[in-house]
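Novice: Below is one structure. I have some questions about it.
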Amino acid sequence: MEQLFKIDLKKINTSSQKESLERKKNLELFFKTGLPNKKDENWKFTDLNSIINKNFKKILNNNEFEFDKKIELINDFDHNNIVLVNGTFKSCDIQFEDKEKVKIESLNSLEDFECQKNNNLHFLNKALSLGGFNLEVQKDYKCKKPIIIYNYFTSNLENKIINNSNNIKLHRNSELTLIEYNIGEKSKFLKNTFEKVNIDEGALLKNIILQKTKCNGFFYKNISGSQGYNSSYQNFILSSGLKFNRIEIDMNLNKENCNCFILSGLCLGKKEHQEIKTQINHLAPNCKSYQKIKNVLEYDSNGVYQGKIFVKDIAQKTDAYQLSKALILHDEAAFNAKPELEIYADDVKCSHGSTSGSIDMDAIHYLMTRGIDKATAKKLLINGFLNEIFENIHEEKIKVFLQKIIKEQINGI
Amino acid sequence: MKSEELKNQEYKYGFTTDIENIRAPKGLTEKTIKFISKIKKEPKWMLDWRMKAFNRLKALKEPSWQKPKYPKIDYQNLYYYSAPKSIKDKPKSLAEVDPKLIETYNKLGIPLNEQKRLSGVAVDAVFDSVSVATTFKGELDKKGIIFCPISEAIQKHPDLVKKYLGSVIPISDHYFATLNSAVFTDGSFVYIPPNTRCPMELSTYFRINASETGQFERTLIIADKGSYVSYLEGCTAPMRDENQLHAANVELVALDDAEIKYSTVQNWYPGDKDGVGGIYNFVTKRGACKGKNSKISWTQVETGSAITWKYPSCILQGDNSVGEFYSIAITNNHQKADTGTKMIHLGKNTKSKIISKGISAGHADNTYRGLVDISAKAKNSRNYTQCDSLLMGNKCGAHTVPYIRNKNSSSTVEHEATTSKINEDQLFYCNQRGLNQEEAVSLIVNGFCKEVLQQLPMEFAVEAQKLVSISLEGSVG
């Protein structure tokens with residue numbers, strides 16, 4: 001592991017002796033355990049160790065944050081923005097919101113940033129993280145416009161690793177739509193992100209993850225969250241275009257009546273590998289969780305879904321649903337799924353479904369008999385297949401924008 | 001719901017027969033294996049095979065990933081062989097069989113002497129580890145069907161045994177399978193010649209007796225081209241406080257156009273209502289559809305054992321081959337089950353179907369764990385999986401852990417699972433029509449399991465239906 005990772009802790013500005021010792025300790029822990037591989041049950045379908053070894057000869061920690069370009073903003077709808085360059089906070093503009101209602105700042109202190117599960121990549125993150133952003137929405141404030149995080153990666157990141165951590169907190173009865181928009185240039189790099197999400201009573205967070213263009217990035221992101229009474233968390237994952245991406249979502253539904261939605265629509269192309277791993281812990285009665293994962297797999301791409309619903313014995317009247325569907329368009333593509341249920345309460349409604357297969361030839365035939373050529377028919381069907389996940393987005397402009405992105409992705413494959 | 005008030009029905013088959021035993025030296029050593037091989041009068045190749053497995057075992061570690069945890073088993077503190085003494089002079093007819101054995105069978109409900117006349121089922125009864133009597137030999141012989149204890153097959157049909165033993169579960173497999181390969185004592189051997197339909201259901205009743213004896217059965221069934229066989233396995237065990245290990249291996253081989261149907265009703269001692277005692281049922285069952293158009297179907301009703309940990313699997317090698325798995329797993333009190341199947345699609349146009357019904361009550365834990373793997377070469381394959389769980393009370397657990405892999409674009413995999421409790425409306429409806437709570441639950445649960453129950457042969461279906469009701473008596477109040 002030391003041969004691959006040429007880590008120089010001196011590159012990191014540390015504020016105290018204690019911090020630097022802590023970083024050193026975590027780095028040693030990471031070297032001891034190494035990158036996760038197939039033997040780890042959580043990584044059964046994604047052998048990160050071999051993927052990284054195949055693609056990287058050496059990995060250096062990043063100290064490039066210079067940035068002088070102007071980011072092309074999205075014009076489709078009004079929004080606030082946060083700019084992150086190579087994972088660290090650069091600037092923000094929240095012109096549409098009331099003063100002091102939304103707090104955005106650079107996150108420096110990583111204390112009590114604990115992950116729900118023991119994870120080797122968390123050691124690495126703790127050793128090298130340079131922070132990220134801290135976002136808070138004050139109580140009873142509903143954001144008027146969404147916030148887009150322009151997550152920009154510069155071209156000089158070849159063989160570098162970025163470690164960052166973000167903190168998102170929504171106070172009581174607040175509301176926010178947060179769009180993460182990744183823009184990467186051609187370099188091949190690693191990103192290791194840990195994000196903490198706290199949603200208080202009655203609050204609503206919509207989180208949309210998007211990818212602008214194809215990118216040679218290898219992304220790993222862990223979102224650990226907890227939800228209060230009557231709160232809602234909705235996550236839309238549309239991050240097609242990355243060479244490698246794994247998003248882990250561990251959500252604790254701590255209090256009654258909260259709901260958690262995870263929806264994903266991905267089109268994977270050549271040599272792409274994406275995994276979505278979720279663990280929804282129903283710890284209180286009357287909560288609802290809903291997961292819908294849709295994958296379109298082309299060439300030799302690899303799609304993975306590992307989802308787990310855990311229902312504690314007191315969490316009666318739980319309504320939990322998992323659905324994963326995959327369209328496999330090419331013989332070299334593969335789809336792996338492990339939709340798991342662990343249930344200890346009896347008065348619950350929990351179910352999951354998983355299907356994978358090729359496109360329905362009867363449907364194609366039907367469209368062709370109506371004068372639509374085969375390629376268009378195929379695209380039409382894929383579009384219909386993926387569009388289903390937008391049911392929960394009610395803002396028309398955002399919906400149209402996302403549909404446009406999906407369409408571009410379909411045209412790209 | 002008053003799951004705490006579960007009436008723990010006394011175990012009906014809890015008795016032991018007092019017969020003096022011959023035992024292998026205690027512990028898992030080379031000496032023990034040589035002893036077993038010697039007492040079975042095995043040829044050298046068989047002993048070598050066992051030794052190979054034993055050497056492999058030394059390098060293996062006991063798995064620990066499973067959901068039900070159990071106290072560490074001291075393998076050196078077990079007897080690996082025990083046989084009823086009267087085996088030395090094998091009886092020529094039923095009249096010569098030790099009357100005590102006959103009595104045991106009668107208690108078990110296998111009236112050997114009436115078997116021929118009544119049910120037409122040939123029974124190869126295993127008392128502890130040695131087969132004692134085999135019936136209906138004549139009729140099977142006429143068709144050229146071989147149905148005998150595996151120790152006999154090793155001597156009389158070495159070519160068949162050599163060719164197929166370990167061909168589906170190799171000696172280098174996982175810990176318990178390898179342990180079985182090293183120390184297996186007896187079991188059944190079935191060979192159905194080409195284009196033969198076995199005229200009756202073949203059946204073996206296993207019986208665990210003798211304290212501290214792990215039972216290591218080995219079953220090998222070969223269905224040659226174009227043949228058909230249905231095999232029944234039913235189990236009861238005496239009441240005892242110590243946990244007993246049962247690590248059997250069952251291998252099925254289906255050649256071109258052959259079909260094997262393997263049904264199990266397992267009702268071993270589950271431990272008392274506080275979870276003391278009970279059998280550890282760690283069984284490796286695997287079938288290979290080697291030939292084209294072959295079919296293997298597993299049906300299981302698992303109601304007993306403290307821990308059930310098994311995954312009857314199908315390797316679908318031949319083109320157009322079919323694998324099926326129907327399962328009911330009922331756990332009550334402190335029972336634990338981690339069961340499911342593996343369907344490995346290798347051939348073209350292969351199909352598999354999995355129907356699993358798990359029912360959990362009391363403090364029990366019930367896990368379905370399964371794998372559907374469609375390889376890149378298995379074009380036009382299809383799988384359908386349905387796992388339903390029923391929970392009674394909030395002290396039990398129901399878990400589903402399916403692994404789904406699809407590596408080609410022409411295959412379709414479908415999986416669905418639900419977890420729920422017994423519908424109040426259904427209960428109310430039954431009550432309204434004069435059924436009491438227990439009868440209503442029994443009716444609903446039997447309905448819930450119907451898809452699986454109807455797969456069982458007639459001989460088993462009635463017993464299984466009763467078992468389903470008995471296992472859950474009093475769990476809803």
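The chains in the structure tokens are called A, B, ... from first to last as shown; in each chain the residues are counted from 1, and the ligands are counted from 1 in the order shown.
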Counting only C-alpha atoms, which residues of chain A sit at most 7 Å from some atom of chain B, and what is each one's closest atom pair with its distance in Å to one decimal, listed by chain and rising residue number, as CSV?
Specialist:
```
residue,atom,partner,partner_atom,distance
A:Asp313,CA,B:Asn394,CA,5.4
A:Ile328,CA,B:Ser409,CA,4.9
A:Leu329,CA,B:Ser409,CA,5.6
A:His330,CA,B:Ser409,CA,5.4
A:Asp331,CA,B:Asn408,CA,4.5
A:Glu332,CA,B:Asn408,CA,6.4
A:Ala333,CA,B:Lys407,CA,6.2
A:Ala334,CA,B:Lys407,CA,4.3
A:Phe335,CA,B:Asn406,CA,5.3
A:Asn336,CA,B:Arg405,CA,4.4
A:Ala337,CA,B:Ile404,CA,4.9
A:Lys338,CA,B:Tyr403,CA,4.7
A:Pro339,CA,B:Pro402,CA,6.3
A:Glu340,CA,B:Val401,CA,4.6
A:Leu341,CA,B:Thr400,CA,4.8
A:Glu342,CA,B:His399,CA,4.3
A:Ile343,CA,B:Ala398,CA,5.2
A:Tyr344,CA,B:Gly397,CA,4.3
A:Ala345,CA,B:Asn394,CA,4.5
A:Asp346,CA,B:Leu391,CA,5.0
A:Asp347,CA,B:Lys421,CA,5.9
A:Val348,CA,B:Ser420,CA,5.7
A:Lys349,CA,B:Ser420,CA,5.6
A:Cys350,CA,B:Thr419,CA,5.1
A:Ser351,CA,B:Thr418,CA,4.1
A:His352,CA,B:Ala417,CA,5.2
A:Gly353,CA,B:Glu416,CA,4.2
A:Ser354,CA,B:His415,CA,4.9
A:Thr355,CA,B:Glu414,CA,4.3
A:Ser356,CA,B:Val413,CA,5.2
A:Gly357,CA,B:Thr412,CA,4.2
A:Ser358,CA,B:Ser409,CA,5.1
```
Novice: Quick one: residues within 8 Å of segment 176-180 of chain B, only C-alpha atoms counted, chain neighbours fewer than 2 positions away excluded, as a count of residues only?
Specialist: 23
Novice: Within 10 Å of segment 385-399 of chain A, counting only C-alpha atoms, which residues show up once you throw out same-chain ones fewer than 2 positions away? Write them as an MDAnalysis selection string, please.
Specialist: chainID A and resid 76:78 146 206 234 236:237 261:267 291:296 325:327 359 379:383 401:407 410
Novice: Can you pull out the residues contacting Phe56 of chain A? Cut-off 8 Å, using only C-alpha atoms, and skip same-chain residues under 3 positions away; I want them as a compact mmCIF listing (two decimals) with N, CA and C atoms, in the first residue's frame.
Specialist:
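That gives us around.txt:
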```
# COMPACT_ATOMS: atom_id res chain seq x y z
N LEU A 4 2.07 2.31 -3.43
CA LEU A 4 1.09 2.97 -4.30
C LEU A 4 0.81 4.39 -3.80
N ILE A 52 -8.20 0.13 -8.32
CA ILE A 52 -7.21 1.21 -8.15
C ILE A 52 -5.84 0.76 -8.64
N ASN A 53 -5.47 -0.47 -8.29
CA ASN A 53 -4.16 -0.94 -8.73
C ASN A 53 -4.05 -1.04 -10.24
N ILE A 59 -0.14 7.25 -6.29
CA ILE A 59 -1.16 8.21 -5.89
C ILE A 59 -0.52 9.21 -4.92
N ASN A 159 -3.21 11.51 -11.11
CA ASN A 159 -2.69 10.65 -10.03
C ASN A 159 -2.76 11.25 -8.63
```
Novice: Work out how far atom CA of Leu297 of chain A is from atom CA of Glu180 of chain A, in Å to one decimal.
Specialist: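 If I compute the distance from atom CA of Glu180 of chain A to atom CA of Leu297 of chain A, I get 23.1 Å.
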Novice: DSSP on the backbone, helix (DSSP H, G or I) only: what residues of segment 254-377 of chain A does that give? Format it as a list in words.
Specialist: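 Written out, the helix (DSSP H, G or I) residues of segment 254-377 of chain A are Met361, Asp362, Ala363, Ile364, His365, Tyr366, Leu367, Met368, Thr369, Lys374, Ala375, Thr376 and Ala377 of chain A.
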Novice: With only C-alpha atoms as the basis for distance, which of B:His334, B:Lys310, B:Lys292, B:Lys143 is at the shortest distance from Gly347 of chain B?
Specialist: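 For Gly347 of chain B, the nearest of the candidates is B:Lys292.
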Novice: Give me the residues within 7 Å of segment 92-100 of chain A as an MDAnalysis selection string, counting only C-alpha atoms and dropping any in the same chain fewer than 3 places off.
Specialist: chainID A and resid 80:83 103 143:145
Novice: For Asn257 of chain A, find every residue with an atom within 12 Å (counting only C-alpha atoms), except residues of its own chain fewer than 3 positions away, and show them as a VMD selection string.
Specialist: chain A and resid 201 to 203 227 to 233 253 to 254 260 282 to 289 315 to 319
Novice: Just to be explicit: take each residue in the selection above, keep N, CA and C atoms, and write the result as a PDB file, in the first residue's frame.
Specialist:
```pdb
ATOM      1  N   GLU A 201     -36.383  18.049  12.999  1.00  0.00           N
ATOM      2  CA  GLU A 201     -37.834  17.905  12.950  1.00  0.00           C
ATOM      3  C   GLU A 201     -38.482  18.746  11.852  1.00  0.00           C
ATOM      4  N   GLY A 202     -39.275  18.131  11.037  1.00  0.00           N
ATOM      5  CA  GLY A 202     -40.059  18.844  10.034  1.00  0.00           C
ATOM      6  C   GLY A 202     -39.286  19.412   8.862  1.00  0.00           C
ATOM      7  N   ALA A 203     -37.983  19.178   8.803  1.00  0.00           N
ATOM      8  CA  ALA A 203     -37.184  19.764   7.722  1.00  0.00           C
ATOM      9  C   ALA A 203     -37.179  18.870   6.487  1.00  0.00           C
ATOM     10  N   GLN A 227     -32.242  11.626  10.861  1.00  0.00           N
ATOM     11  CA  GLN A 227     -33.440  12.398  10.604  1.00  0.00           C
ATOM     12  C   GLN A 227     -34.298  12.511  11.854  1.00  0.00           C
ATOM     13  N   GLY A 228     -34.886  13.684  12.048  1.00  0.00           N
ATOM     14  CA  GLY A 228     -35.761  13.924  13.182  1.00  0.00           C
ATOM     15  C   GLY A 228     -37.216  13.712  12.808  1.00  0.00           C
ATOM     16  N   TYR A 229     -38.084  13.982  13.773  1.00  0.00           N
ATOM     17  CA  TYR A 229     -39.520  13.761  13.618  1.00  0.00           C
ATOM     18  C   TYR A 229     -40.076  14.449  12.370  1.00  0.00           C
ATOM     19  N   ASN A 230     -40.848  13.704  11.581  1.00  0.00           N
ATOM     20  CA  ASN A 230     -41.555  14.269  10.430  1.00  0.00           C
ATOM     21  C   ASN A 230     -40.646  14.912   9.385  1.00  0.00           C
ATOM     22  N   SER A 231     -39.390  14.517   9.357  1.00  0.00           N
ATOM     23  CA  SER A 231     -38.481  15.127   8.391  1.00  0.00           C
ATOM     24  C   SER A 231     -38.448  14.298   7.113  1.00  0.00           C
ATOM     25  N   SER A 232     -37.842  14.881   6.099  1.00  0.00           N
ATOM     26  CA  SER A 232     -37.806  14.191   4.821  1.00  0.00           C
ATOM     27  C   SER A 232     -36.451  14.374   4.144  1.00  0.00           C
ATOM     28  N   TYR A 233     -35.940  13.295   3.604  1.00  0.00           N
ATOM     29  CA  TYR A 233     -34.673  13.350   2.885  1.00  0.00           C
ATOM     30  C   TYR A 233     -34.885  12.702   1.529  1.00  0.00           C
ATOM     31  N   LEU A 253     -33.338   6.771  10.554  1.00  0.00           N
ATOM     32  CA  LEU A 253     -34.625   7.415  10.745  1.00  0.00           C
ATOM     33  C   LEU A 253     -34.925   7.329  12.246  1.00  0.00           C
ATOM     34  N   ASN A 254     -34.500   8.352  12.952  1.00  0.00           N
ATOM     35  CA  ASN A 254     -34.502   8.298  14.419  1.00  0.00           C
ATOM     36  C   ASN A 254     -35.854   8.505  15.066  1.00  0.00           C
ATOM     37  N   CYS A 260     -37.616   8.787   3.769  1.00  0.00           N
ATOM     38  CA  CYS A 260     -36.325   8.838   3.106  1.00  0.00           C
ATOM     39  C   CYS A 260     -36.483   8.263   1.705  1.00  0.00           C
ATOM     40  N   HIS A 282     -34.516   1.908  10.074  1.00  0.00           N
ATOM     41  CA  HIS A 282     -35.795   2.351  10.626  1.00  0.00           C
ATOM     42  C   HIS A 282     -35.749   2.128  12.132  1.00  0.00           C
ATOM     43  N   LEU A 283     -35.568   3.216  12.877  1.00  0.00           N
ATOM     44  CA  LEU A 283     -35.388   3.082  14.315  1.00  0.00           C
ATOM     45  C   LEU A 283     -36.601   3.554  15.106  1.00  0.00           C
ATOM     46  N   ALA A 284     -37.604   4.087  14.403  1.00  0.00           N
ATOM     47  CA  ALA A 284     -38.810   4.576  15.070  1.00  0.00           C
ATOM     48  C   ALA A 284     -40.030   4.174  14.243  1.00  0.00           C
ATOM     49  N   PRO A 285     -41.211   4.141  14.897  1.00  0.00           N
ATOM     50  CA  PRO A 285     -42.403   3.699  14.160  1.00  0.00           C
ATOM     51  C   PRO A 285     -42.834   4.687  13.069  1.00  0.00           C
ATOM     52  N   ASN A 286     -43.665   4.184  12.178  1.00  0.00           N
ATOM     53  CA  ASN A 286     -44.335   5.018  11.176  1.00  0.00           C
ATOM     54  C   ASN A 286     -43.424   5.752  10.197  1.00  0.00           C
ATOM     55  N   CYS A 287     -42.294   5.211   9.915  1.00  0.00           N
ATOM     56  CA  CYS A 287     -41.423   5.870   8.945  1.00  0.00           C
ATOM     57  C   CYS A 287     -41.566   5.181   7.594  1.00  0.00           C
ATOM     58  N   LYS A 288     -41.150   5.923   6.584  1.00  0.00           N
ATOM     59  CA  LYS A 288     -41.269   5.385   5.236  1.00  0.00           C
ATOM     60  C   LYS A 288     -39.937   5.512   4.519  1.00  0.00           C
ATOM     61  N   SER A 289     -39.539   4.481   3.840  1.00  0.00           N
ATOM     62  CA  SER A 289     -38.366   4.640   2.982  1.00  0.00           C
ATOM     63  C   SER A 289     -38.662   4.036   1.626  1.00  0.00           C
ATOM     64  N   ALA A 315     -39.958  -0.315  15.585  1.00  0.00           N
ATOM     65  CA  ALA A 315     -40.347   0.461  14.397  1.00  0.00           C
ATOM     66  C   ALA A 315     -41.551  -0.160  13.688  1.00  0.00           C
ATOM     67  N   GLN A 316     -42.669  -0.245  14.410  1.00  0.00           N
ATOM     68  CA  GLN A 316     -43.874  -0.809  13.804  1.00  0.00           C
ATOM     69  C   GLN A 316     -44.431   0.159  12.764  1.00  0.00           C
ATOM     70  N   LYS A 317     -45.269  -0.359  11.904  1.00  0.00           N
ATOM     71  CA  LYS A 317     -45.889   0.413  10.819  1.00  0.00           C
ATOM     72  C   LYS A 317     -44.868   1.012   9.848  1.00  0.00           C
ATOM     73  N   THR A 318     -43.732   0.362   9.768  1.00  0.00           N
ATOM     74  CA  THR A 318     -42.741   0.804   8.794  1.00  0.00           C
ATOM     75  C   THR A 318     -43.224   0.451   7.397  1.00  0.00           C
ATOM     76  N   ASP A 319     -42.963   1.356   6.476  1.00  0.00           N
ATOM     77  CA  ASP A 319     -43.265   1.065   5.087  1.00  0.00           C
ATOM     78  C   ASP A 319     -41.954   1.242   4.310  1.00  0.00           C
TER      79      ASP A 319
END
```
Novice: Write out as a PyMOL selection string all residues of segment 221-461 of chain B that backbone DSSP assigns to strand (DSSP E or B).
Specialist: chain B and resi 221-223+228-236+243-246+249-254+259-267+278-289+295-302+307-310+313-316+322-331+336-339+342-345+351-361+365-374+382-392+397-406+412-420
Novice: Name the closest residue to Thr193 of chain A among the candidates A:Tyr290, A:Phe219, A:Phe65, A:Phe133; distances are taken between atoms, counting only C-alpha atoms.
Specialist: A:Phe219
Novice: As an exercise, work out the distance from atom CA of Glu136 of chain A to atom CA of Leu107 of chain A in Å and give it to one decimal place.
Specialist: 11.6 Å
